[in-house]
Structure formats: C-alpha cells, structure tokens
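**Q** Okay, handing you the structure first.
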Amino acid sequence: MSHAATEQHDVVIVGGGGAGLRAAIAIAEENPAFSVACVSKVYPMRSHTVTAEGGAAGVIKPSDSLEDHIYDTISGADWLADQDAVEYFVHRAPEEMVQLEHWGCPWSRMPDGSVAVRPFGGMKIERTWFAADKTGFHMLHSLFQTTLKYGNIVRYDEHFATKLLLDDAGRCRGCAAIELRTGTVRAVLGRSVIICTGGAGKAFPFTTNGAIKTGDGMAMAYRAGVALKDMEFIQYHPTGLPGTGILITEASRGEGGILVNKDGRRYLEDYDLGEALDVSDPRHPQKRAMELGPRDKLSQCFVKEMWAGRTIRTKDGEVVHLDLRHLGEAKIDRRIPFVRELARNYAGIDPVHQPIPVRPVVHYVMGGIDVNSESATDIAGLYAAGECACVSINGANRLGSNSLTELLVFGAQAGRNAARFAMENPDLELGGLESQARDEGERIRRAYFSAGARRAGSADGGGASERIAVLRNELHEAMEDGAGIYRNQESLEKTCDKIAELKERYANVSLDDHTNSFNTELTAALELSSLLDVAETIAHSGRERTESRGSHQRLDHPDRDDDDFLAHSLAFRTEDGGAPRIEYRPVTITKWPPGARTYGADSGLKREAEGSGTGGPSAADGNTE
C-alpha cells in the first residue's frame with residue numbers, strides 16, 4: 001500500500017449518507033469559509049439512506065402534539081431512551097422536515113395541499129411524513145443536491161476509512177482512508193471529525209441492510225477507545241421478504257395491511273396487541289395496536305406463532321402473510337407502489353391479488369458510538385450521528401420513521417458542534433498524524449499483501465489459511481442462533497466464545513487478489529474485521545443484561561428489571577483485544593417515569609400458545625431460532 005499526499009481541511013466527515021450530508025450542510029452554514037471533507041466508502045447516492053421507504057416522523061397535524069411524540073418514543077424505547085435527547089429530537093424534528101422540503105424533498109400531499117402523514121407502529125397519531133414509499137430516496141437526493149451548491153464541501157468518494165487519527169493531546173484530527181481506485185492510503189485531516197457511517201446489520205445473515213452496512217465507523221471508534229453503547233438491542237423488522245431480506249415497509253401496515261397466520265387468523269390479537277377489527281371498520285388500522293404495534297413486539301409474536309406451529313412453511317423458511325388485497329389496486333399504486341414492485345420482482349407476488357409472504361428480518365442497531373446530548377464522544381473533537389451513534393433516543397426499540405428524522409436532527413447538531421469546536425481550536429499541530437497514516441498503510445500491507453503466510457495455500461504463518469466467506473458465514477450462524485430475537489445465557493455464551501475463536505482465526509485470513517485497484521477482497525476482509533469487533537459488543541452486552549427489555553428478550557430472564565438495568569450498557573475495548581469490558585450508566589429521566597408498556601385495548605383475547613408437536617419456548621431448552 002502506497003501513501004498519498006496528506007489532505008487538510010477544517011472538519012472531516014466520515015460517511016456520505018443522510019446524516020453525513022446533513023452535517024456537511026450545517027458546517028457550511030455555520031462557517032462558510034470552512035473546508036469540509038466528506039469521506040465515503042461509496043458514492044453518496046449509494047448510501048443506505050436511499051433505500052428507506054416508509055417515512056420520517058415529525059409533529060405537523062393540529063391533532064398531534066410534541067408531548068405525544070415524546071411519550072410514544074420513550075415508551076416505545078421501553079424507557080431506555082435518554083429523555084432530554086428525545087425532547088430535543090422531537091422539538092427540532094418539524095423544522096428539519098420543513099427545511100428539507102425547501103431543499104426539494106417532494107413530500108406527499110393531501111387534496112387541500114397540506115402535508116400527508118401516515119400512521120406508523122407504536123404511535124398514537126399519524127405523524128409520519130412520506131414521499132410515496134421512496135422517502136429515503138427523495139431525502140437523500142435533496143440533501144446531496146443541496147451540498148452541491150457549497151463550494152467548500154470536498155468529497156472523497158470511494159475512500160474506505162480504516163483508522164481514526166489522534167494527536168498527542170488525544171484529540172481526534174482525521175482519519176486514514178484507502179482510496180479504492182488506486183489502493184493508496186491517504187491521511188484526511190481536520191480540526192474535528194464526525195462519524196456518520198451507518199449501522200452493522202451485516203453481522204447477521206438475514207437483514208434489510210445492504211452490503212456496505214458493516215459497522216466500520218463503530219469499529220473505528222471502539223478501537224480508538226470510545227465505548228459502544230446499548231449494542232445488545234438489535235431491531236428485527238417484522239416484514240421482510242423471505243430469501244432476500246428486502247424490506248416490505250411498515251407503510252404497508254400503516255395503510256391498512258394485515259398479518260395472518262396459516263389459518264388466516266390475525267394472530268396479533270392473541271398477544272395483548274388489541275382486537276382484530278374488520279378491515280372495513282372505519283377504526284382500522286388502529287393506532288398503537290395490532291399491526292401498528294411496535295416492531296419488537298410484532299417480531300416476537302411471529303416467533304411465538306412459529307413455536308406454536310401456526311406459521312407457513314416455504315422453501316425459504318417459516319413465514320406469515322401480509323395481506324393488502326382489501327386496499328385495492330388504486331390505493332396500492334398511489335400510496336405504496338414500490339411495495340407492489342418489490343413483491344412482483346422478488347417474490348413473484350402481486351399484492352393486489354395475493355398476500356405477501358413475510359418474516360422478521362434484522363433491520364437496525366439501536367446502540368452505537370457513545371455520544372452525549374451534543375453528539376460528542378469522550379474523545380475531544382470526535383462526534384457521531386445517525387445509526388452508527390447512540391445519543392440515545394431509540395433505547396431498547398426504535399419506533400418506525402424516527403430514524404430518518406434522527407439523521408436530520410442529529411446530523412445538523414453534530415455538524416454545528418464540530419464546526420464550533422474547530423473554530424475554538426484553530427491552531428492545532430499536525431504532530432505525528434501523517435506518520436500514523438503511513439503506519440496504517442504499512443499495517444494493511446503486512447496483514448494482507450505480504451509475501452508470506454497471508455497468501456492462499458501458504459504452509460507457514462502459525463495456522464491454517466482462512467477464507468473470508470467461511471469466517472463470515474460462521475459469524476452469521478453464531479449471531480442468528482445465539483443473539484437473535486430470543487436469547488438465553490447458554491446461547492449468548494456460545495456466541496461470545498465463537499466470536500473469540502473467529503477473531504483468532506481471522507489472523508490467518510488469506511487473499512487471492514493482491515492488486516491495488518478496487519480490490520473488493522481486501523474491502524471484504526476489512527469489513528469482516530469491523531463486523532467481528534461490533535458482534536463481540538452485541539453478544540457480550542447481551543450476556544451481561546440479565547433482563548428482558550424491548551428487542552432484548554432473555555428466555556431465562558423474562559421480566560424487565562428497572563432496579564438493576566434502567567441503564568445504558570457501555571462496551572469498552574480491552575488493551576489485549578480480548579472480551580470487552582462492560583459498564584453501565586443511568587438513563588436520563590426528566591418527566592416520564594418508567595411505566596407499563598402497553599399497546600392496544602385490553603381485549604381479554606390472549607390465549608396461550610398451543611403446541612402443535614413443536615413445543616413452546618422455555619429457559620431450559622435453549623431454543624433461540
């Protein structure tokens with residue numbers, strides 16, 4: 001790996017998706033004279049924000065209120081959200097949504113010209129703004145086009161950042177990044193840095209996340225000494241297409257779609273989520289009930305139906321049906337046309353005439369880089385925003401449509417604060433930053449391109465040659481089996497042990513491709529290293545949290561424990577590279593003390609899961625599939 005010339009800017013942003021672009025605009029507005037670097041693994045319009053379908057939450061209707069949005073978010077988070085951060089988020093959301101329209105986002109409209117909003121899971125009132133069902137696509141286009149009017153935003157597209165660079169005073173001053181086109185390592189320096197690299201869904205085998213969502217920014221911060229917070233909380237979305245992981249947006253249920261089991265029964269009414277009204281009833285769909293319950297509960301209900309033998313067996317595993325037929329072709333084509341397109345292309349199903357097979361799929365990481373209410377980490381000059389960060393507004397379960405708004409609110413906040421830090425620290429010395437980048441390039445060269453043990457088929461090097469795909473597949477299997485929707489002590493310990501084994505074996509990874517230009521095998525190896533680091537924080541944080549809360553469900557500890565675990569987990573990397581150190585920090589409570597988390601009416605229709613030869617779950621049987 002060669003070393004390119006060092007690039008100097010005022011602020012460096014790592015990640016070119018929704019949060020990164022919003023941060024770049026905020027910096028350019030805060031100080032028009034600043035030079036802003038945007039380092040992105042992919043071209044910005046290929047960032048994962050572009051795939052978001054359903055919408056973005058913000059109070060706009062006269063019948064809605066900021067208080068309701070705050071309460072829905074906090075209760076949806078099972079009271080693990082920091083309430084000061086939620087209040088800030090909810091109050092800033094509407095102005096960010098309006099601003100985005102001024103930048104060109106074509107929000108769908110009502111006949112009277114007002115902004116159209118749809119209901120989403122876990123919310124009392126319709127507050128999800130949308131642009132048909134390609135909301136993220138239009139949001140990202142609007143943000144990207146807006147950045148183009150600023151001449152001081154410099155893009156480093158297709159640059160893979162691998163290490164944060166800290167000066168002698170311990171301040172973050174930039175990153176080392178591989179230019180994928182040439183294979184050279186470049187130091188991109190600034191007086192402050194923002195990480196906006198997205199989530200880490202690719203730690204699991206079945207996910208809505210694209211191939212680029214490998215936790216690179218989380219891993220960089222973790223290796224630099226920043227804690228990863230609340231990593232045990234992994235959101236499964238209840239409606240993914242089997243075999244592909246492609247998301248069927250929650251908007252399909254917000255428009256009135258229903259979930260039924262193999263008997264055609266709307267089974268959610270059996271799990272304290274309300275009463276199954278007839279689809280012609282004007283009260284359907286019901287807010288905070290049935291199909292518009294929160295994602296964690298709907299995914300857990302699927303598993304219980306599967307254990308009871310009431311799901312539908314297909315070549316791609318067990319499914320239930322999402323039925324949209326009663327909506328009619330005109331409404332489907334007007335409100336959720338992309339759902340019809342996806343179902344046709346990837347499932348061979350036309351939802352106008354047939355129900356769509358769906359199953360839970362890993363969708364979002366509630367945890368992430370530990371930042372405070374100002375989007376700042378414990379390292380001076382380092383900030384984070386978006387899914388890679390944990391501020392924390394999502395707690396143990398994120399409500400659908402809060403995440404796109406989070407990109408805007410906290411991307412803007414991180415941008416402003418990083419710019420102010422840079423203005424307050426104008427004369428920082430380069431110190432050994434350039435040499436750190438050269439050392440990073442040499443580390444990568446030795447690890448993956450040296451003439452000895454790394455080459456495929458090598459007989460030396462202290463271990464058998466390992467293949468990236470084999471290690472990745474074993475990681476996926478361990479995470480799905482041991483750290484999925486339902487977990488217990490035994491399953492989590494097995495996953496922790498397996499990840500430790502995989503990290504040892506990773507030292508013997510072999511590459512066949514030793515070229516420099518667009519070496520996708522090297523990229524895959526670096527991404528696997530990030531996934532292993534992130535996965536160990538998920539498994540170890542889950543093992544230590546001996547309660548059930550939100551998306552973290554322990555079969556051996558089925559109750560929520562506010563006395564011991566109304567706290568954020570903090571996973572710190574240890575110096576020897578072994579198991580992370582887990583600490584806890586109290587949740588910030590302002591006006592909403594923890595209470596029972598209830599959805600739907602108390603219909604009295606709950607029934608015990610009836611065995612059909614498969615048996616139900618127990619703490620002893622270790623069933624986490």
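Residue numbering restarts at 1 in every chain; chains get A, B, ... in the order shown in the structure tokens, and ligands count up from 1 in that same order.
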Among segment 328-366 of chain A, which residues carry a DSSP assignment of strand (DSSP E), reported as a list of chain:residue names?

**A** A:Ile356, A:Pro357, A:Val358, A:Arg359, A:Pro360, A:Val361, A:Val362, A:His363, A:Tyr364, A:Val365

**Q** Go ahead and write the residues just picked, C-alpha atoms, as a PDB file, in the first residue's frame.

**A**
```pdb
ATOM      1  CA  ILE A 356     -47.102 -11.363   0.533  1.00  0.00           C
ATOM      2  CA  PRO A 357     -45.029 -13.929   2.486  1.00  0.00           C
ATOM      3  CA  VAL A 358     -43.027 -12.142   5.200  1.00  0.00           C
ATOM      4  CA  ARG A 359     -40.858 -12.934   8.226  1.00  0.00           C
ATOM      5  CA  PRO A 360     -38.811 -10.886  10.719  1.00  0.00           C
ATOM      6  CA  VAL A 361     -35.500  -9.558   9.436  1.00  0.00           C
ATOM      7  CA  VAL A 362     -32.632  -7.666  11.130  1.00  0.00           C
ATOM      8  CA  HIS A 363     -33.155  -4.011  10.337  1.00  0.00           C
ATOM      9  CA  TYR A 364     -31.495  -1.563  12.735  1.00  0.00           C
ATOM     10  CA  VAL A 365     -28.928  -1.300  15.531  1.00  0.00           C
TER      11      VAL A 365
END
```

**Q** Residues within 9 Å of segment 105-108 of chain A, please, as a PyMOL selection string. Count only C-alpha atoms; anything in the same chain fewer than 3 positions from it doesn't count.

**A** chain A and resi 97+100-102+114-117+129-132+135+138-143

**Q** Restricting the output to N, CA and C atoms, write the selected residues as a PDB file, in the first residue's frame.

**A**
```pdb
ATOM      1  N   MET A  97     -37.946  18.925   8.944  1.00  0.00           N
ATOM      2  CA  MET A  97     -38.766  18.391   7.860  1.00  0.00           C
ATOM      3  C   MET A  97     -39.186  19.488   6.891  1.00  0.00           C
ATOM      4  N   LEU A 100     -36.213  20.514   4.814  1.00  0.00           N
ATOM      5  CA  LEU A 100     -35.918  19.559   3.747  1.00  0.00           C
ATOM      6  C   LEU A 100     -36.826  19.784   2.547  1.00  0.00           C
ATOM      7  N   GLU A 101     -38.074  20.148   2.788  1.00  0.00           N
ATOM      8  CA  GLU A 101     -38.945  20.464   1.657  1.00  0.00           C
ATOM      9  C   GLU A 101     -38.425  21.682   0.901  1.00  0.00           C
ATOM     10  N   HIS A 102     -37.931  22.675   1.624  1.00  0.00           N
ATOM     11  CA  HIS A 102     -37.376  23.855   0.963  1.00  0.00           C
ATOM     12  C   HIS A 102     -36.170  23.483   0.118  1.00  0.00           C
ATOM     13  N   SER A 114     -52.090  20.280   2.188  1.00  0.00           N
ATOM     14  CA  SER A 114     -51.323  20.064   3.414  1.00  0.00           C
ATOM     15  C   SER A 114     -50.474  18.806   3.295  1.00  0.00           C
ATOM     16  N   VAL A 115     -49.440  18.731   4.137  1.00  0.00           N
ATOM     17  CA  VAL A 115     -48.542  17.573   4.124  1.00  0.00           C
ATOM     18  C   VAL A 115     -49.323  16.322   4.524  1.00  0.00           C
ATOM     19  N   ALA A 116     -49.163  15.255   3.749  1.00  0.00           N
ATOM     20  CA  ALA A 116     -49.806  13.982   4.076  1.00  0.00           C
ATOM     21  C   ALA A 116     -48.957  13.240   5.097  1.00  0.00           C
ATOM     22  N   VAL A 117     -49.602  12.648   6.079  1.00  0.00           N
ATOM     23  CA  VAL A 117     -48.907  11.822   7.064  1.00  0.00           C
ATOM     24  C   VAL A 117     -49.647  10.499   7.201  1.00  0.00           C
ATOM     25  N   TRP A 129     -44.314  11.679   7.845  1.00  0.00           N
ATOM     26  CA  TRP A 129     -44.264  12.321   6.532  1.00  0.00           C
ATOM     27  C   TRP A 129     -43.704  11.306   5.538  1.00  0.00           C
ATOM     28  N   PHE A 130     -44.130  11.377   4.296  1.00  0.00           N
ATOM     29  CA  PHE A 130     -43.645  10.404   3.321  1.00  0.00           C
ATOM     30  C   PHE A 130     -43.646  11.001   1.922  1.00  0.00           C
ATOM     31  N   ALA A 131     -42.850  10.409   1.062  1.00  0.00           N
ATOM     32  CA  ALA A 131     -42.855  10.720  -0.362  1.00  0.00           C
ATOM     33  C   ALA A 131     -43.156   9.401  -1.069  1.00  0.00           C
ATOM     34  N   ALA A 132     -44.465   9.120  -1.216  1.00  0.00           N
ATOM     35  CA  ALA A 132     -44.945   7.793  -1.646  1.00  0.00           C
ATOM     36  C   ALA A 132     -44.294   6.751  -0.746  1.00  0.00           C
ATOM     37  N   THR A 135     -39.238   7.348   0.384  1.00  0.00           N
ATOM     38  CA  THR A 135     -38.918   8.543   1.162  1.00  0.00           C
ATOM     39  C   THR A 135     -37.421   8.773   1.269  1.00  0.00           C
ATOM     40  N   HIS A 138     -35.826  10.168  -1.922  1.00  0.00           N
ATOM     41  CA  HIS A 138     -36.039  11.593  -2.166  1.00  0.00           C
ATOM     42  C   HIS A 138     -35.307  12.459  -1.142  1.00  0.00           C
ATOM     43  N   MET A 139     -35.231  11.997   0.101  1.00  0.00           N
ATOM     44  CA  MET A 139     -34.498  12.752   1.108  1.00  0.00           C
ATOM     45  C   MET A 139     -33.019  12.849   0.749  1.00  0.00           C
ATOM     46  N   LEU A 140     -32.431  11.716   0.371  1.00  0.00           N
ATOM     47  CA  LEU A 140     -31.002  11.711   0.065  1.00  0.00           C
ATOM     48  C   LEU A 140     -30.709  12.552  -1.174  1.00  0.00           C
ATOM     49  N   HIS A 141     -31.569  12.473  -2.188  1.00  0.00           N
ATOM     50  CA  HIS A 141     -31.390  13.318  -3.375  1.00  0.00           C
ATOM     51  C   HIS A 141     -31.414  14.789  -2.989  1.00  0.00           C
ATOM     52  N   SER A 142     -32.367  15.162  -2.141  1.00  0.00           N
ATOM     53  CA  SER A 142     -32.488  16.576  -1.758  1.00  0.00           C
ATOM     54  C   SER A 142     -31.265  17.053  -1.001  1.00  0.00           C
ATOM     55  N   LEU A 143     -30.778  16.225  -0.070  1.00  0.00           N
ATOM     56  CA  LEU A 143     -29.593  16.603   0.698  1.00  0.00           C
ATOM     57  C   LEU A 143     -28.356  16.680  -0.198  1.00  0.00           C
TER      58      LEU A 143
END
```

**Q** Hey, which of A:Lys494, A:Lys262, A:Arg334, A:Arg173 ends up closest to Asp427 of chain A? Count only C-alpha atoms.

**A**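 Closest candidate: A:Arg173.
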
**Q** Identify, with DSSP run on backbone atoms, the residues in segment 19-214 of chain A assigned to alpha helix (DSSP H), and express the list as an MDAnalysis selection string.

**A** chainID A and resid 19:30 66:76 83:102 135:147

**Q** Give me the residues near Leu292 of chain A as a list of chain:residue names, where near means some atom within 9 Å (using only C-alpha atoms) and where sequence neighbours in that chain fewer than 6 positions away do not count.

**A**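 The contact residues come out as A:Pro119, A:Phe120, A:Gly121, A:Gly122, A:Met123, A:Glu250, A:Arg253, A:Gly254, A:Leu273, A:Pro285, A:Gln286, A:Leu298.
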
**Q** I need the residues from that last selection saved to file as a PDB file, in the first residue's frame (with N, CA and C atoms), if you can.

**A**
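Output below, filename again_1.pdb:
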```
ATOM      1  N   PRO A 119     -49.967   6.652   9.586  1.00  0.00           N
ATOM      2  CA  PRO A 119     -49.660   6.056  10.884  1.00  0.00           C
ATOM      3  C   PRO A 119     -48.514   5.069  10.775  1.00  0.00           C
ATOM      4  N   PHE A 120     -47.711   5.005  11.833  1.00  0.00           N
ATOM      5  CA  PHE A 120     -46.632   4.031  11.934  1.00  0.00           C
ATOM      6  C   PHE A 120     -46.727   3.350  13.298  1.00  0.00           C
ATOM      7  N   GLY A 121     -46.051   2.235  13.426  1.00  0.00           N
ATOM      8  CA  GLY A 121     -46.160   1.415  14.612  1.00  0.00           C
ATOM      9  C   GLY A 121     -45.766   2.138  15.893  1.00  0.00           C
ATOM     10  N   GLY A 122     -46.569   1.908  16.946  1.00  0.00           N
ATOM     11  CA  GLY A 122     -46.248   2.427  18.263  1.00  0.00           C
ATOM     12  C   GLY A 122     -46.588   3.885  18.482  1.00  0.00           C
ATOM     13  N   MET A 123     -47.275   4.526  17.510  1.00  0.00           N
ATOM     14  CA  MET A 123     -47.577   5.949  17.632  1.00  0.00           C
ATOM     15  C   MET A 123     -49.073   6.175  17.770  1.00  0.00           C
ATOM     16  N   GLU A 250     -43.179  -0.664   6.664  1.00  0.00           N
ATOM     17  CA  GLU A 250     -44.232  -0.531   7.654  1.00  0.00           C
ATOM     18  C   GLU A 250     -45.391   0.311   7.125  1.00  0.00           C
ATOM     19  N   ARG A 253     -48.530  -1.549   6.408  1.00  0.00           N
ATOM     20  CA  ARG A 253     -49.447  -1.768   7.528  1.00  0.00           C
ATOM     21  C   ARG A 253     -50.106  -0.464   7.958  1.00  0.00           C
ATOM     22  N   GLY A 254     -49.390   0.629   7.809  1.00  0.00           N
ATOM     23  CA  GLY A 254     -49.987   1.921   8.102  1.00  0.00           C
ATOM     24  C   GLY A 254     -51.139   2.260   7.170  1.00  0.00           C
ATOM     25  N   LEU A 273     -52.234  -7.132  21.859  1.00  0.00           N
ATOM     26  CA  LEU A 273     -51.994  -6.018  20.947  1.00  0.00           C
ATOM     27  C   LEU A 273     -53.288  -5.437  20.395  1.00  0.00           C
ATOM     28  N   PRO A 285     -56.854   1.133  10.097  1.00  0.00           N
ATOM     29  CA  PRO A 285     -55.985   0.487  11.090  1.00  0.00           C
ATOM     30  C   PRO A 285     -55.976   1.249  12.413  1.00  0.00           C
ATOM     31  N   GLN A 286     -55.717   0.529  13.482  1.00  0.00           N
ATOM     32  CA  GLN A 286     -55.754   1.087  14.822  1.00  0.00           C
ATOM     33  C   GLN A 286     -54.374   1.584  15.231  1.00  0.00           C
ATOM     34  N   LEU A 298     -44.053  -7.190  17.478  1.00  0.00           N
ATOM     35  CA  LEU A 298     -44.566  -7.931  16.320  1.00  0.00           C
ATOM     36  C   LEU A 298     -43.605  -9.038  15.903  1.00  0.00           C
TER      37      LEU A 298
END
```

**Q** Return the single residue from A:Val185, A:Val587, A:Met306, A:Ala418 that is closest to Phe160 of chain A, with distances computed using only C-alpha atoms.

**A**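 Closest residue, counting only C-alpha atoms: A:Val185.
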
**Q** Which residues come within 10 Å of Trp79 of chain A, counting only C-alpha atoms, excluding same-chain residues fewer than 2 positions away, as a PDB file with N, CA and C atoms, in the first residue's frame?

**A**
```
ATOM      1  N   TYR A  71     -43.729  10.936  24.298  1.00  0.00           N
ATOM      2  CA  TYR A  71     -44.167   9.761  25.057  1.00  0.00           C
ATOM      3  C   TYR A  71     -44.123   8.497  24.202  1.00  0.00           C
ATOM      4  N   THR A  73     -42.177   7.818  21.773  1.00  0.00           N
ATOM      5  CA  THR A  73     -40.774   7.433  21.581  1.00  0.00           C
ATOM      6  C   THR A  73     -40.196   6.812  22.842  1.00  0.00           C
ATOM      7  N   ILE A  74     -40.461   7.400  23.993  1.00  0.00           N
ATOM      8  CA  ILE A  74     -39.911   6.898  25.254  1.00  0.00           C
ATOM      9  C   ILE A  74     -40.519   5.550  25.630  1.00  0.00           C
ATOM     10  N   SER A  75     -41.837   5.431  25.502  1.00  0.00           N
ATOM     11  CA  SER A  75     -42.469   4.145  25.837  1.00  0.00           C
ATOM     12  C   SER A  75     -42.090   3.090  24.813  1.00  0.00           C
ATOM     13  N   GLY A  76     -41.990   3.477  23.538  1.00  0.00           N
ATOM     14  CA  GLY A  76     -41.543   2.527  22.520  1.00  0.00           C
ATOM     15  C   GLY A  76     -40.146   2.016  22.803  1.00  0.00           C
ATOM     16  N   ALA A  77     -39.298   2.868  23.386  1.00  0.00           N
ATOM     17  CA  ALA A  77     -37.931   2.504  23.742  1.00  0.00           C
ATOM     18  C   ALA A  77     -37.860   1.684  25.020  1.00  0.00           C
ATOM     19  N   ALA A  81     -34.561   5.158  26.636  1.00  0.00           N
ATOM     20  CA  ALA A  81     -34.116   6.366  25.941  1.00  0.00           C
ATOM     21  C   ALA A  81     -33.784   7.467  26.941  1.00  0.00           C
ATOM     22  N   ASP A  82     -32.772   8.272  26.630  1.00  0.00           N
ATOM     23  CA  ASP A  82     -32.472   9.456  27.439  1.00  0.00           C
ATOM     24  C   ASP A  82     -33.497  10.531  27.101  1.00  0.00           C
ATOM     25  N   GLN A  83     -34.271  10.934  28.080  1.00  0.00           N
ATOM     26  CA  GLN A  83     -35.434  11.757  27.801  1.00  0.00           C
ATOM     27  C   GLN A  83     -35.081  13.177  27.390  1.00  0.00           C
ATOM     28  N   ILE A 393     -31.921   8.113  21.661  1.00  0.00           N
ATOM     29  CA  ILE A 393     -33.364   8.333  21.586  1.00  0.00           C
ATOM     30  C   ILE A 393     -34.120   7.037  21.315  1.00  0.00           C
ATOM     31  N   ASN A 394     -33.413   5.984  20.915  1.00  0.00           N
ATOM     32  CA  ASN A 394     -34.092   4.757  20.498  1.00  0.00           C
ATOM     33  C   ASN A 394     -34.177   3.702  21.592  1.00  0.00           C
ATOM     34  N   GLY A 395     -33.311   3.798  22.591  1.00  0.00           N
ATOM     35  CA  GLY A 395     -33.380   2.889  23.718  1.00  0.00           C
ATOM     36  C   GLY A 395     -33.371   1.434  23.309  1.00  0.00           C
ATOM     37  N   ALA A 396     -34.357   0.685  23.813  1.00  0.00           N
ATOM     38  CA  ALA A 396     -34.409  -0.757  23.567  1.00  0.00           C
ATOM     39  C   ALA A 396     -35.202  -1.113  22.327  1.00  0.00           C
ATOM     40  N   ASN A 397     -35.848  -0.132  21.705  1.00  0.00           N
ATOM     41  CA  ASN A 397     -36.622  -0.397  20.494  1.00  0.00           C
ATOM     42  C   ASN A 397     -36.932   0.929  19.819  1.00  0.00           C
ATOM     43  N   ARG A 549     -36.008  -6.540  27.850  1.00  0.00           N
ATOM     44  CA  ARG A 549     -36.439  -5.155  27.634  1.00  0.00           C
ATOM     45  C   ARG A 549     -36.419  -4.891  26.134  1.00  0.00           C
ATOM     46  N   GLY A 550     -37.557  -4.469  25.597  1.00  0.00           N
ATOM     47  CA  GLY A 550     -37.605  -4.122  24.185  1.00  0.00           C
ATOM     48  C   GLY A 550     -37.193  -5.269  23.298  1.00  0.00           C
ATOM     49  N   ASP A 562     -36.070  -2.771  36.255  1.00  0.00           N
ATOM     50  CA  ASP A 562     -35.682  -1.365  36.349  1.00  0.00           C
ATOM     51  C   ASP A 562     -34.740  -1.093  37.518  1.00  0.00           C
ATOM     52  N   LEU A 566     -32.131  -0.219  34.467  1.00  0.00           N
ATOM     53  CA  LEU A 566     -32.578   1.013  33.832  1.00  0.00           C
ATOM     54  C   LEU A 566     -31.316   1.844  33.575  1.00  0.00           C
ATOM     55  N   ALA A 567     -30.489   1.307  32.707  1.00  0.00           N
ATOM     56  CA  ALA A 567     -29.146   1.857  32.495  1.00  0.00           C
ATOM     57  C   ALA A 567     -28.656   1.464  31.114  1.00  0.00           C
ATOM     58  N   VAL A 587     -29.933   5.835  32.862  1.00  0.00           N
ATOM     59  CA  VAL A 587     -30.736   6.515  31.851  1.00  0.00           C
ATOM     60  C   VAL A 587     -31.167   7.880  32.396  1.00  0.00           C
ATOM     61  N   THR A 588     -31.200   8.876  31.535  1.00  0.00           N
ATOM     62  CA  THR A 588     -31.653  10.209  31.933  1.00  0.00           C
ATOM     63  C   THR A 588     -33.178  10.262  31.911  1.00  0.00           C
ATOM     64  N   ILE A 589     -33.782  10.484  33.074  1.00  0.00           N
ATOM     65  CA  ILE A 589     -35.231  10.600  33.212  1.00  0.00           C
ATOM     66  C   ILE A 589     -35.559  12.059  33.514  1.00  0.00           C
ATOM     67  N   TRP A 592     -40.918  11.586  32.528  1.00  0.00           N
ATOM     68  CA  TRP A 592     -41.700  10.390  32.241  1.00  0.00           C
ATOM     69  C   TRP A 592     -41.108   9.186  32.973  1.00  0.00           C
ATOM     70  N   PRO A 593     -41.548   8.919  34.200  1.00  0.00           N
ATOM     71  CA  PRO A 593     -41.014   7.765  34.934  1.00  0.00           C
ATOM     72  C   PRO A 593     -41.420   6.463  34.260  1.00  0.00           C
ATOM     73  N   PRO A 594     -40.620   5.410  34.417  1.00  0.00           N
ATOM     74  CA  PRO A 594     -40.930   4.131  33.777  1.00  0.00           C
ATOM     75  C   PRO A 594     -42.305   3.612  34.179  1.00  0.00           C
ATOM     76  N   GLY A 595     -43.005   3.072  33.202  1.00  0.00           N
ATOM     77  CA  GLY A 595     -44.324   2.503  33.445  1.00  0.00           C
ATOM     78  C   GLY A 595     -44.519   1.262  32.623  1.00  0.00           C
ATOM     79  N   ALA A 596     -45.695   0.684  32.721  1.00  0.00           N
ATOM     80  CA  ALA A 596     -46.020  -0.499  31.925  1.00  0.00           C
ATOM     81  C   ALA A 596     -46.081  -0.109  30.457  1.00  0.00           C
ATOM     82  N   ARG A 597     -45.547  -0.967  29.618  1.00  0.00           N
ATOM     83  CA  ARG A 597     -45.528  -0.711  28.176  1.00  0.00           C
ATOM     84  C   ARG A 597     -46.688  -1.477  27.545  1.00  0.00           C
TER      85      ARG A 597
END
```

**Q** Could you check which of A:Phe421, A:Phe204, A:Phe410, A:Tyr88 is closest to Glu30 of chain A, using only C-alpha atoms?

**A** A:Phe421

**Q** What is the distance, in Å and to one decimal place, between atom CA of Pro238 of chain A and atom CA of Val303 of chain A?

**A**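 Result for atom CA of Pro238 of chain A versus atom CA of Val303 of chain A: 10.2 Å, one decimal.
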
**Q** With only C-alpha atoms as the basis for distance, which of A:Glu527, A:Tyr486, A:Lys213, A:Asn152 is at the shortest distance from Trp307 of chain A?

**A**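 Among A:Glu527, A:Tyr486, A:Lys213, A:Asn152, it is A:Tyr486 that comes nearest to Trp307 of chain A.
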
**Q** Would you list the contacts of Ile212 of chain A as a list of chain:residue names, taking every protein, DNA or RNA residue within 9 Å and counting only C-alpha atoms, but skipping same-chain residues closer than 4 positions in sequence?

**A**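 Contacts, with the query itself left out: A:Lys41, A:Val42, A:Ser47, A:His48, A:Gly198, A:Ala200, A:Lys202, A:Glu527.
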
**Q** Do a neighbour search on Ile13 of chain A at 7 Å with only C-alpha atoms, toss out local chain neighbours closer than 4 positions, and write the hits as a PyMOL selection string.

**A** chain A and resi 20+37-39+193-195

**Q** Give the answer as one residue: which of A:Tyr448, A:Phe565, A:Glu544, A:Asn516 has the shortest atom-to-atom distance to Asn488 of chain A, using only C-alpha atoms?

**A** A:Glu544

**Q** From the set A:Met110, A:Ile258, A:Cys172, A:Leu247, which residue has the shortest atom-to-atom contact distance to Thr377 of chain A, counting only C-alpha atoms?

**A**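 Of A:Met110, A:Ile258, A:Cys172, A:Leu247, the one nearest Thr377 of chain A, counting only C-alpha atoms, is A:Cys172.
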